[in-house]
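Visitor: My questions all concern the structure below.
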2 protein chains.
Amino acid sequence: MIPLDHPRYHSLKIRERLARYAKKGIVTPEGLAAHGRGEAFDYLIGEKTTQSALVAEQTAAALLMAAYKPVISVNGNTAALAAHEIAALQRSSGAVVEVNLFHRTKKRIRLIEHLLQDAGVDVFSGEAERLLPLSHDRAWCRRNGLFSSDVVLVPLEDGDRCEALVNMGKKVIVIDLNPLSRTARAATIPIVDELTRAVPNITRACTTLSQKERDRLMESLDNNYLLTAAIREMTARLSHALD
Amino acid sequence: MIPLDHPRYHSLKIRERLARYAKKGIVTPEGLAAHGRGEAFDYLIGEKTTQSALVAEQTAAALLMAAYKPVISVNGNTAALAAHEIAALQRSSGAVVEVNLFHRTKKRIRLIEHLLQDAGVDVFSGEAERLLPLSHDRAWCRRNGLFSSDVVLVPLEDGDRCEALVNMGKKVIVIDLNPLSRTARAATIPIVDELTRAVPNITRACTTLSQKERDRLMESLDNNYLLTAAIREMTARLSHALD
């Protein structure tokens, strides 16, 4: 349907994929709208990994490798877009992967867990409890998973839950294309990049960076710098259109 | 569900409304993602009608009033979000309203026409033909409607169709929150504003502006100025976050 030479082929293919998973009940209507918001910000950074985003991704790898219990918390959009990429990251980082949903039903949890398993993810799916200090179904997680982690990667997170996890003393890595969002501002490491570009970059960094390089990245970690750099990219791109 | 004092109450209510209409088949998954993109750009103009957008809306009113055959082309998102607002605009401008869909099925056309009729729109629903020089179902329209119009208002249009309509010699008014889009650049008047704010502003201008004011607006119409002003708003807002 979408011609290969379309200037925004990759972005359109991803959207088509999400629409397909929406029909299966894996992606919610709200998830589709959230994806669209991300597309707009991605457009403003030029639909590529910026230099500062790559630094964020490498620092995320360093943090995951240094953790005693790293956890990747997966939602519907993440599973639909990047199940194989999550499997590869799990292999290189040793992280626990668990499914946590904003719009939580037993059926959706099961669908998403199966999708991940089919892609080769070892899913941690023990009994969930309401353990996070949040109203709404976002409070659910697993005692021996997310709850007891020290480092969490939460792609496409909502602001409330990101703040709650940080307040519990966890180091929180988020992938969020909106550098102005509460999520991005609250996170230990905000990665302002598109999910299917970001995850493979983290995976690669897990295996290629030396211990010394990882230590250096963690020492120079600066949330404010990462967000500022992303905002500057967007401003530059908008201004360029004025020329 | 959404607390009335939530800072983004209006935006969240609109999104909830679209999700509901998606379940009915009126809004497509692609439509939900497109809405999300709009939300991101709306966020960057501060979720309010800017001064330049108001000028665009008033000029649109002038153009509709001066037309011999003004047509409003409605899609699924527009019907779901602004059926009553379209009815009011039809009353004050005398425009023909017809339904044209990117993801076209007879069932969707019928659902959307009924939704508009229930809101008081007089829908022009004669026999459609493939009359526009476009591949895809976007080519369909009605000979005595869109095809023979001189001025068209197409809220939430796609770039190809906007360009085709302009190339046919029509004056095309679009409502598009992305000032960098092909649609916005190709349009005679790009309105960079949110649909449910934009349409009532056009309606109001149809009844309040004098002939002299309308002539002055049409004489000073400048697509490039309108887009530049919108981009400046967004750049300013992003830069503000750096302070």
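For the structure tokens, the naming scheme is as follows: chains receive sequential letters (A, B, ...) according to their order of presentation, residues are indexed from 1 within each chain, and ligands are indexed from 1 in presentation order.
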Report as JSON lines the residues of chain A within 6 Å of chain B, each with its shortest atom pair and distance in Å (one decimal), using only C-alpha atoms, ordered by chain and increasing residue number.
Guide:
```
{"residue": "A:Ala19", "atom": "CA", "partner": "B:Pro29", "partner_atom": "CA", "distance": 5.2}
{"residue": "A:Pro29", "atom": "CA", "partner": "B:Ala19", "partner_atom": "CA", "distance": 5.4}
{"residue": "A:Leu32", "atom": "CA", "partner": "B:Ala33", "partner_atom": "CA", "distance": 5.0}
{"residue": "A:Ala33", "atom": "CA", "partner": "B:Gly36", "partner_atom": "CA", "distance": 4.1}
{"residue": "A:Ala34", "atom": "CA", "partner": "B:Gly36", "partner_atom": "CA", "distance": 5.8}
{"residue": "A:Gly36", "atom": "CA", "partner": "B:Gly36", "partner_atom": "CA", "distance": 4.1}
{"residue": "A:Arg37", "atom": "CA", "partner": "B:Arg37", "partner_atom": "CA", "distance": 4.3}
{"residue": "A:Ala40", "atom": "CA", "partner": "B:Arg37", "partner_atom": "CA", "distance": 5.0}
{"residue": "A:Thr235", "atom": "CA", "partner": "B:Thr235", "partner_atom": "CA", "distance": 5.4}
```
Visitor: Which residues in range 1-61 of chain A does DSSP call helix (DSSP H, G or I)? List them as a count of residues only.
Guide: 42
Visitor: Please identify all polymer residues within 12 Å of Thr207 in chain A, counting only C-alpha atoms, omitting same-chain residues fewer than 3 positions from it, and present them as an mmCIF file with N, CA and C atoms, in the first residue's frame.
Guide:
```
data_model
loop_
_atom_site.group_PDB
_atom_site.id
_atom_site.type_symbol
_atom_site.label_atom_id
_atom_site.label_comp_id
_atom_site.auth_asym_id
_atom_site.auth_seq_id
_atom_site.Cartn_x
_atom_site.Cartn_y
_atom_site.Cartn_z
ATOM 1 N N GLN A 58 23.313 5.275 25.390
ATOM 2 C CA GLN A 58 24.520 4.610 25.908
ATOM 3 C C GLN A 58 24.550 4.664 27.437
ATOM 4 N N ALA A 61 22.271 2.056 28.764
ATOM 5 C CA ALA A 61 22.919 0.741 28.731
ATOM 6 C C ALA A 61 23.839 0.574 29.939
ATOM 7 N N ALA A 62 24.603 1.620 30.239
ATOM 8 C CA ALA A 62 25.529 1.561 31.375
ATOM 9 C C ALA A 62 24.768 1.321 32.680
ATOM 10 N N LEU A 64 21.753 -0.031 33.051
ATOM 11 C CA LEU A 64 21.166 -1.384 33.065
ATOM 12 C C LEU A 64 22.238 -2.425 33.422
ATOM 13 N N MET A 65 23.456 -2.243 32.868
ATOM 14 C CA MET A 65 24.530 -3.214 33.128
ATOM 15 C C MET A 65 25.011 -3.137 34.581
ATOM 16 N N ALA A 88 15.968 -8.812 22.187
ATOM 17 C CA ALA A 88 17.424 -8.651 22.020
ATOM 18 C C ALA A 88 18.023 -7.878 23.190
ATOM 19 N N LEU A 89 17.318 -6.854 23.656
ATOM 20 C CA LEU A 89 17.826 -6.066 24.794
ATOM 21 C C LEU A 89 17.863 -6.922 26.055
ATOM 22 N N GLN A 90 16.856 -7.773 26.219
ATOM 23 C CA GLN A 90 16.856 -8.656 27.384
ATOM 24 C C GLN A 90 18.078 -9.581 27.354
ATOM 25 N N ARG A 91 18.380 -10.119 26.167
ATOM 26 C CA ARG A 91 19.536 -11.022 26.057
ATOM 27 C C ARG A 91 20.844 -10.306 26.405
ATOM 28 N N SER A 92 20.981 -9.056 25.952
ATOM 29 C CA SER A 92 22.271 -8.394 26.185
ATOM 30 C C SER A 92 22.368 -7.728 27.558
ATOM 31 N N SER A 93 21.229 -7.433 28.199
ATOM 32 C CA SER A 93 21.280 -6.740 29.494
ATOM 33 C C SER A 93 20.945 -7.651 30.667
ATOM 34 N N GLY A 94 20.306 -8.791 30.395
ATOM 35 C CA GLY A 94 19.875 -9.678 31.479
ATOM 36 C C GLY A 94 18.688 -9.145 32.265
ATOM 37 N N PRO A 200 17.338 -0.755 19.926
ATOM 38 C CA PRO A 200 18.547 -1.399 19.379
ATOM 39 C C PRO A 200 19.839 -0.642 19.728
ATOM 40 N N ASN A 201 19.766 0.666 19.838
ATOM 41 C CA ASN A 201 20.962 1.424 20.229
ATOM 42 C C ASN A 201 21.389 1.078 21.657
ATOM 43 N N ILE A 202 20.416 0.906 22.555
ATOM 44 C CA ILE A 202 20.749 0.515 23.939
ATOM 45 C C ILE A 202 21.365 -0.885 23.932
ATOM 46 N N THR A 203 20.751 -1.781 23.167
ATOM 47 C CA THR A 203 21.237 -3.167 23.090
ATOM 48 C C THR A 203 22.686 -3.202 22.611
ATOM 49 N N ARG A 204 22.960 -2.443 21.549
ATOM 50 C CA ARG A 204 24.313 -2.400 20.988
ATOM 51 C C ARG A 204 25.312 -1.890 22.030
ATOM 52 N N SER A 210 33.039 -0.372 26.977
ATOM 53 C CA SER A 210 33.891 -0.923 28.036
ATOM 54 C C SER A 210 33.382 -0.443 29.404
ATOM 55 N N GLN A 211 33.850 -1.106 30.461
ATOM 56 C CA GLN A 211 33.473 -0.706 31.822
ATOM 57 C C GLN A 211 33.851 0.759 32.055
ATOM 58 N N GLU A 213 34.186 3.197 29.829
ATOM 59 C CA GLU A 213 33.262 4.090 29.104
ATOM 60 C C GLU A 213 31.918 4.169 29.832
ATOM 61 N N ARG A 214 31.452 3.051 30.350
ATOM 62 C CA ARG A 214 30.168 3.042 31.062
ATOM 63 C C ARG A 214 30.245 3.889 32.329
#
```
Visitor: Within 8 Å of range 71-83 of chain B, counting only C-alpha atoms, which residues qualify if same-chain residues fewer than 4 places away don't, as a PyMOL selection string?
Guide: chain B and resi 14+17-18+21+26-28+31+35+87+95-102+112+115-116+119+121+145-146+149+151-156+195-196
Visitor: Export N, CA, C and O atoms of the chosen residues as a short mmCIF file (atom, residue, chain, number, x, y, z; two decimals), in the first residue's frame?
Guide:
```
data_model
loop_
_atom_site.label_atom_id
_atom_site.label_comp_id
_atom_site.auth_asym_id
_atom_site.auth_seq_id
_atom_site.Cartn_x
_atom_site.Cartn_y
_atom_site.Cartn_z
N ILE B 14 -11.65 15.71 24.40
CA ILE B 14 -11.70 15.52 22.95
C ILE B 14 -11.15 14.16 22.57
O ILE B 14 -11.72 13.44 21.75
N ARG B 17 -13.57 11.47 23.34
CA ARG B 17 -14.65 11.48 22.36
C ARG B 17 -14.25 10.74 21.08
O ARG B 17 -15.00 9.93 20.55
N LEU B 18 -13.03 11.00 20.62
CA LEU B 18 -12.55 10.33 19.41
C LEU B 18 -12.44 8.82 19.62
O LEU B 18 -12.79 8.04 18.74
N TYR B 21 -15.81 7.30 19.25
CA TYR B 21 -16.24 7.22 17.86
C TYR B 21 -15.40 6.21 17.07
O TYR B 21 -15.84 5.71 16.05
N ILE B 26 -16.54 5.19 13.11
CA ILE B 26 -16.58 6.50 12.44
C ILE B 26 -15.17 7.06 12.30
O ILE B 26 -14.81 7.64 11.27
N VAL B 27 -14.37 6.85 13.34
CA VAL B 27 -12.97 7.29 13.32
C VAL B 27 -12.10 6.05 13.10
O VAL B 27 -12.36 5.00 13.69
N THR B 28 -11.08 6.17 12.23
CA THR B 28 -10.20 5.03 11.96
C THR B 28 -8.98 5.06 12.90
O THR B 28 -8.68 6.11 13.49
N GLY B 31 -6.90 7.76 11.90
CA GLY B 31 -7.47 9.03 12.34
C GLY B 31 -7.09 9.36 13.77
O GLY B 31 -6.84 10.52 14.11
N HIS B 35 -4.84 12.50 14.96
CA HIS B 35 -5.28 13.41 16.00
C HIS B 35 -4.16 13.65 17.03
O HIS B 35 -3.94 14.77 17.48
N ALA B 87 -22.58 22.31 11.42
CA ALA B 87 -23.98 22.71 11.14
C ALA B 87 -24.12 24.23 11.26
O ALA B 87 -24.76 24.87 10.42
N ALA B 95 -22.76 27.10 2.87
CA ALA B 95 -21.93 26.13 2.14
C ALA B 95 -22.61 24.78 1.99
O ALA B 95 -23.41 24.37 2.84
N VAL B 96 -22.28 24.09 0.90
CA VAL B 96 -22.65 22.69 0.71
C VAL B 96 -21.73 21.84 1.60
O VAL B 96 -20.54 22.12 1.69
N VAL B 97 -22.29 20.85 2.27
CA VAL B 97 -21.46 19.96 3.09
C VAL B 97 -21.51 18.56 2.48
O VAL B 97 -22.59 18.02 2.26
N GLU B 98 -20.33 18.00 2.16
CA GLU B 98 -20.33 16.61 1.70
C GLU B 98 -19.25 15.82 2.41
O GLU B 98 -18.27 16.37 2.92
N VAL B 99 -19.45 14.50 2.48
CA VAL B 99 -18.54 13.61 3.19
C VAL B 99 -17.58 12.97 2.19
O VAL B 99 -18.02 12.40 1.19
N ASN B 100 -16.28 13.11 2.43
CA ASN B 100 -15.27 12.48 1.60
C ASN B 100 -14.25 11.82 2.51
O ASN B 100 -13.70 12.46 3.40
N LEU B 101 -13.98 10.54 2.29
CA LEU B 101 -13.14 9.78 3.22
C LEU B 101 -11.89 9.24 2.56
O LEU B 101 -11.92 8.85 1.39
N PHE B 102 -10.83 9.19 3.32
CA PHE B 102 -9.58 8.56 2.88
C PHE B 102 -9.79 7.05 2.95
O PHE B 102 -9.50 6.34 2.00
N ILE B 112 -21.34 8.44 8.95
CA ILE B 112 -20.90 9.82 9.14
C ILE B 112 -21.97 10.79 8.65
O ILE B 112 -22.24 11.81 9.28
N LEU B 115 -24.55 10.92 11.37
CA LEU B 115 -24.05 11.70 12.52
C LEU B 115 -24.20 13.20 12.25
O LEU B 115 -24.63 13.97 13.10
N LEU B 116 -23.85 13.62 11.03
CA LEU B 116 -23.95 15.03 10.67
C LEU B 116 -25.42 15.47 10.63
O LEU B 116 -25.77 16.55 11.14
N ALA B 119 -26.92 16.20 13.86
CA ALA B 119 -26.45 17.47 14.43
C ALA B 119 -27.02 18.67 13.68
O ALA B 119 -26.69 19.81 13.98
N VAL B 121 -26.94 19.14 10.19
CA VAL B 121 -26.30 19.47 8.91
C VAL B 121 -27.20 19.00 7.76
O VAL B 121 -27.78 17.92 7.81
N GLY B 145 -21.06 18.82 -6.25
CA GLY B 145 -20.61 19.28 -4.94
C GLY B 145 -19.18 19.76 -5.04
O GLY B 145 -18.87 20.69 -5.79
N LEU B 146 -18.28 19.05 -4.35
CA LEU B 146 -16.87 19.44 -4.31
C LEU B 146 -16.28 19.73 -5.70
O LEU B 146 -15.57 20.72 -5.90
N SER B 149 -17.03 23.19 -7.05
CA SER B 149 -16.90 24.31 -6.11
C SER B 149 -15.79 25.26 -6.53
O SER B 149 -14.90 24.87 -7.30
N VAL B 151 -14.58 27.45 -3.81
CA VAL B 151 -13.90 27.57 -2.52
C VAL B 151 -14.25 26.33 -1.69
O VAL B 151 -15.42 25.96 -1.57
N VAL B 152 -13.23 25.68 -1.15
CA VAL B 152 -13.43 24.46 -0.36
C VAL B 152 -12.80 24.62 1.01
O VAL B 152 -11.64 25.04 1.12
N LEU B 153 -13.55 24.29 2.04
CA LEU B 153 -12.96 24.17 3.38
C LEU B 153 -12.79 22.68 3.65
O LEU B 153 -13.77 21.92 3.66
N VAL B 154 -11.54 22.26 3.83
CA VAL B 154 -11.27 20.85 4.12
C VAL B 154 -10.51 20.74 5.42
O VAL B 154 -9.28 20.83 5.45
N PRO B 155 -11.24 20.57 6.52
CA PRO B 155 -10.55 20.41 7.79
C PRO B 155 -9.77 19.10 7.77
O PRO B 155 -10.25 18.11 7.22
N LEU B 156 -8.58 19.09 8.32
CA LEU B 156 -7.82 17.85 8.52
C LEU B 156 -7.59 17.09 7.22
O LEU B 156 -7.87 15.90 7.10
N LEU B 195 -9.46 22.16 15.55
CA LEU B 195 -10.74 22.15 14.83
C LEU B 195 -11.91 22.78 15.59
O LEU B 195 -12.62 23.63 15.04
N THR B 196 -12.10 22.38 16.85
CA THR B 196 -13.29 22.85 17.58
C THR B 196 -13.14 24.29 18.07
O THR B 196 -14.10 24.90 18.53
#
```
Visitor: Please compute the CA of Ile109 in chain B-CA of Val172 in chain B distance, one decimal, in Å.
Guide: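 Between these atoms lies a distance of 22.3 Å.
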Visitor: Using only C-alpha atoms, can you tell me which of B:Val192, B:Ala128, B:Asp150, B:Gln117 comes closest to Tyr68 in chain B?
Guide: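 The answer is B:Asp150, which sits nearest to Tyr68 in chain B.
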Visitor: So the first atom is CA of Glu194 in chain A and the second is CA of Leu63 in chain A; what is the distance between them in Å, to one decimal place?
Guide: 19.7 Å
Visitor: To one decimal place, how far is CA of Ile45 in chain B from CA of Ser11 in chain B in Å?
Guide: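 Result for CA of Ile45 in chain B versus CA of Ser11 in chain B: 13.3 Å, one decimal.
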